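Q: Before anything else, here's the structure in question.
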Amino acid sequence: MMMKKIVLFLLIAFMVNTSVSAQKSVSIFNGKDLTGWTAHGTEKWYVEKGLLICESGPDKAYGYLSTDKRYKNFDLTLEFKQSANGNSGVFFRSSIDGVKISGWQAEVAPPGSNTGGIYESYGRGWLIKPEAEKDKYLKFGEWNTYRIRVVGDEVTTWLNGHEMITLKDEKVGEGEGFIALQIHDGGGIKVAWRNIKIKELP
């Protein structure tokens, strides 16, 4: 009887530990190279002094850096610092053909350009933009903390601890795919990224 109780206790402890481990945040950028990521297009993606850098190349075109792994429900946090134009974004539940990306983008852009909003690429366009007064939370040229939570058909973004938008959308709920960082076309863009961590959710 005692042995059965011990086995049951160990089984419960293992299940609890497994459940907790599955919900821990893990780093998806190692600070050394682009392991776990794939670049799309001719724009520049490189690691310098522990930072992930995206920078316009001579083609001044769109570019993407996607995770090799696909993510459905998750809580993603990262930090970004914009230089020059700074027009970028974080795509989720996405797929790509060349540099034509399908999915949804949590905007990263210069002041007055809806950082924190959600844009559907090659689809309906803007689904939701933050209220104009929330633009003050963006610290252009400094490090910003960005959080994106996607569960089912609901998306919430936070910028430097301030909620920017909450969106419920049936089409988003049906989406699947990778996470990707974007560099916008037009040239003159440079953005640094660090501390990219994700917690997968049920």
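Chain lettering (A, B, ...) mirrors the order of the structure tokens, residue numbering begins at 1 for each chain separately, and ligand numbering begins at 1 in order of display.
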From a DSSP pass on the backbone, collect the residues of stretch 3-125 of chain A flagged as strand (DSSP E) and hand them back as number ranges by chain.

A: A: 26-27, 37-40, 44-48, 51-55, 63-70, 74-84, 88-97, 100-108, 118-121, 125

Q: Those residues with C-alpha atoms, as a compact mmCIF listing (two decimals), in the first residue's frame please?

A:
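Saved the output as part_4.txt:
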```txt
# COMPACT_ATOMS: atom_id res chain seq x y z
CA VAL A 26 12.48 29.99 -23.44
CA SER A 27 14.91 32.07 -25.46
CA TRP A 37 15.89 31.07 -37.87
CA THR A 38 15.72 31.37 -41.68
CA ALA A 39 16.26 34.58 -43.66
CA HIS A 40 14.06 35.44 -46.64
CA LYS A 44 20.69 42.01 -44.04
CA TRP A 45 20.24 39.90 -40.88
CA TYR A 46 23.25 39.44 -38.62
CA VAL A 47 24.39 39.20 -35.01
CA GLU A 48 26.64 41.88 -33.52
CA LEU A 51 22.22 41.73 -30.72
CA LEU A 52 20.16 40.59 -33.68
CA ILE A 53 20.31 43.29 -36.34
CA CYS A 54 18.14 43.83 -39.41
CA GLU A 55 19.33 46.40 -41.92
CA GLY A 63 12.97 41.03 -45.83
CA TYR A 64 11.99 38.52 -43.16
CA LEU A 65 13.66 36.33 -40.57
CA SER A 66 11.36 33.47 -39.59
CA THR A 67 11.54 30.88 -36.85
CA ASP A 68 12.11 27.34 -38.06
CA LYS A 69 9.49 26.25 -35.55
CA ARG A 70 5.79 26.94 -35.88
CA PHE A 74 2.08 31.76 -27.16
CA ASP A 75 3.21 34.70 -25.08
CA LEU A 76 6.20 36.38 -26.78
CA THR A 77 8.41 39.09 -25.30
CA LEU A 78 11.32 40.87 -26.95
CA GLU A 79 13.17 44.16 -26.95
CA PHE A 80 13.78 46.35 -29.99
CA LYS A 81 15.65 49.56 -30.70
CA GLN A 82 15.02 51.50 -33.90
CA SER A 83 17.62 53.43 -35.88
CA ALA A 84 16.95 55.64 -38.89
CA SER A 88 9.60 46.72 -38.95
CA GLY A 89 7.23 44.28 -37.29
CA VAL A 90 6.64 40.89 -35.73
CA PHE A 91 4.61 38.41 -37.77
CA PHE A 92 2.81 35.43 -36.24
CA ARG A 93 0.96 32.36 -37.52
CA SER A 94 2.57 33.10 -40.87
CA SER A 95 3.80 31.39 -44.05
CA ILE A 96 5.95 32.74 -46.87
CA ASP A 97 6.61 32.31 -50.57
CA LYS A 100 5.41 37.34 -50.01
CA ILE A 101 4.30 36.66 -46.47
CA SER A 102 0.82 35.63 -45.35
CA GLY A 103 -0.24 36.15 -41.76
CA TRP A 104 -0.55 38.88 -39.18
CA GLN A 105 1.89 41.55 -38.13
CA ALA A 106 2.22 43.27 -34.78
CA GLU A 107 3.51 46.61 -36.03
CA VAL A 108 6.88 48.12 -35.11
CA ILE A 118 -2.28 44.39 -36.04
CA TYR A 119 -2.01 44.30 -39.83
CA GLU A 120 -3.06 41.40 -42.06
CA SER A 121 -0.54 40.98 -44.87
CA GLY A 125 -4.92 45.28 -44.15
```

Q: For the atom pair atom CA of A:His184 and atom CA of A:Tyr62, what is the interatomic distance in Å to one decimal place?

A: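 That distance, rounded to one decimal, is 5.0 Å.
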
Q: Enumerate, as an NGL selection string, the complete set of residues in stretch 19-198 of chain A that a backbone-based DSSP assignment places in helix (DSSP H, G or I).

A: :A and (19-22 or 132-137 or 170-174)

Q: Which polymer residues have any atom within 6 Å of an atom of A:Ser25, counting only C-alpha atoms, with same-chain residues fewer than 6 positions away left out, as a PyMOL selection string?

A: chain A and resi 197-199

Q: In Å, rounded to a single decimal, give me how far atom CA of A:Phe178 is from atom CA of A:Pro111.

A: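 Computed distance, atom CA of A:Pro111 to atom CA of A:Phe178, equals 27.1 Å.
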
Q: Please determine, counting only C-alpha atoms, which residue among A:Val99, A:Leu201, A:Leu34, A:Ile128 has the shortest atom-to-atom distance to A:Thr157.

A: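 With only C-alpha atoms as the atom set, the closest residue is A:Ile128.
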
Q: Identify, on the basis of only C-alpha atoms, every residue whose closest approach to stretch 164-170 of chain A does not exceed 8 Å; exclude the query and any residue fewer than 5 positions from it along the same chain; express the result as an MDAnalysis selection string.

A: chainID A and resid 116:117 128:131 134 153:159

Q: Taking 6 positions as the minimum chain separation for residues in the same chain, which residues sit within 10 Å of A:Gly187 when counting only C-alpha atoms? Answer as a list in words.

A: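 Listed by chain and then number, they are Glu43, Glu55, Ser56, Gly57, Pro58, Asp59, Lys60, Ala61, Tyr62, Ala84, Asn85 and Asn87 of chain A.
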